[in-house]
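Trainee: If you scroll down you'll find the structure; I have some questions about it.
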Amino acid sequence: MRNYTESKNEDDHEADATRALIEHETLDTLYAAIRMLPPDYRQLLKLSFEDGLKNAEIAATLGVAEITVKKRKVKLLEMLRRNMPDDIDLPTIALLLTTMLKAA
């Protein structure tokens, strides 16, 4: 196990820099995909991932049935997935959204 009081070696710094670059590029791509969403889906994204509302609360806010919210969320993730690199799957996109929007 590595002693965290020791300084990192050059390989560790290089790996950290590479990881940070990949994360930054992935988030840039995700932000671009979000900007391409129709306004009603951006609103759904905000209510769900940023505001943390439950489907029933979103349905009440939007004046639609809860099943409509569920179907729109599936479509939302599919639209984002189409605009992301092929090696990023839906669970990763959902995790990025949750992390990104809660940090904002």
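Order determines the names: the first chain of the structure tokens is A, the second B, and so forth; residues in each chain are numbered 1 upward, and ligands are numbered 1 upward as they are shown.
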Give me the residues within 7 Å of range 21-36 of chain A as a PyMOL selection string, counting only C-alpha atoms and dropping any in the same chain fewer than 2 places off.
Mentor: chain A and resi 17-19+38+42+80+83-84
Trainee: Would you list the contacts of Val69 in chain A as a list in words, taking every protein, DNA or RNA residue within 12 Å and counting only C-alpha atoms, but skipping same-chain residues closer than 2 positions in sequence?
Mentor: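 Final neighbour list, sorted by chain and number: Asp40, Tyr41, Gln43, Leu44, Leu45, Leu47, Ser48, Leu53, Lys54, Asn55, Ala56, Glu57, Ile58, Ala59, Ala60, Thr61, Leu62, Gly63, Val64, Ala65, Glu66, Ile67, Lys71, Arg72, Lys73, Val74, Lys75 and Leu76 of chain A.
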Trainee: Export C-alpha atoms of the chosen residues as an mmCIF file, in the first residue's frame?
Mentor:
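Full text of out-v1.cif as output:
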data_model
loop_
_atom_site.group_PDB
_atom_site.id
_atom_site.type_symbol
_atom_site.label_atom_id
_atom_site.label_comp_id
_atom_site.auth_asym_id
_atom_site.auth_seq_id
_atom_site.Cartn_x
_atom_site.Cartn_y
_atom_site.Cartn_z
ATOM 1 C CA ASP A 40 -38.711 20.462 -22.658
ATOM 2 C CA TYR A 41 -36.100 17.717 -22.217
ATOM 3 C CA GLN A 43 -36.310 21.139 -18.250
ATOM 4 C CA LEU A 44 -36.895 17.475 -17.423
ATOM 5 C CA LEU A 45 -33.149 17.007 -16.939
ATOM 6 C CA LEU A 47 -36.043 18.814 -12.536
ATOM 7 C CA SER A 48 -34.827 15.234 -12.283
ATOM 8 C CA LEU A 53 -37.446 15.650 -7.884
ATOM 9 C CA LYS A 54 -39.189 12.277 -7.940
ATOM 10 C CA ASN A 55 -41.183 11.262 -11.009
ATOM 11 C CA ALA A 56 -44.497 12.057 -9.292
ATOM 12 C CA GLU A 57 -43.255 15.544 -8.375
ATOM 13 C CA ILE A 58 -42.047 16.159 -11.918
ATOM 14 C CA ALA A 59 -45.390 14.966 -13.286
ATOM 15 C CA ALA A 60 -47.237 17.395 -11.014
ATOM 16 C CA THR A 61 -44.901 20.246 -11.991
ATOM 17 C CA LEU A 62 -45.296 19.583 -15.707
ATOM 18 C CA GLY A 63 -48.974 18.672 -15.569
ATOM 19 C CA VAL A 64 -48.470 15.241 -17.138
ATOM 20 C CA ALA A 65 -48.934 11.638 -16.028
ATOM 21 C CA GLU A 66 -46.127 9.968 -14.092
ATOM 22 C CA ILE A 67 -45.756 7.328 -16.831
ATOM 23 C CA LYS A 71 -40.994 7.540 -20.818
ATOM 24 C CA ARG A 72 -39.501 10.990 -21.358
ATOM 25 C CA LYS A 73 -36.609 10.193 -19.036
ATOM 26 C CA VAL A 74 -35.823 7.091 -21.082
ATOM 27 C CA LYS A 75 -35.958 9.160 -24.273
ATOM 28 C CA LEU A 76 -33.814 11.865 -22.643
#
Trainee: So the first atom is CA of Thr68 in chain A and the second is CA of Pro85 in chain A; what is the distance between them in Å, to one decimal place?
Mentor: 27.6 Å
Trainee: Just checking: using only C-alpha atoms, which residue out of A:Leu90, A:Leu37, A:Ala15, A:Thr99 ends up closest to Glu50 in chain A?
Mentor: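 Ranked by minimum distance to Glu50 in chain A, first place goes to A:Thr99.
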Trainee: Would you work out the distance separating CA of His13 in chain A from CA of Asp89 in chain A, expressed in Å to one decimal?
Mentor: 27.6 Å
Trainee: One number please: CA of Ala20 in chain A to CA of Leu95 in chain A, in Å, one decimal.
Mentor: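 That distance, rounded to one decimal, is 16.7 Å.
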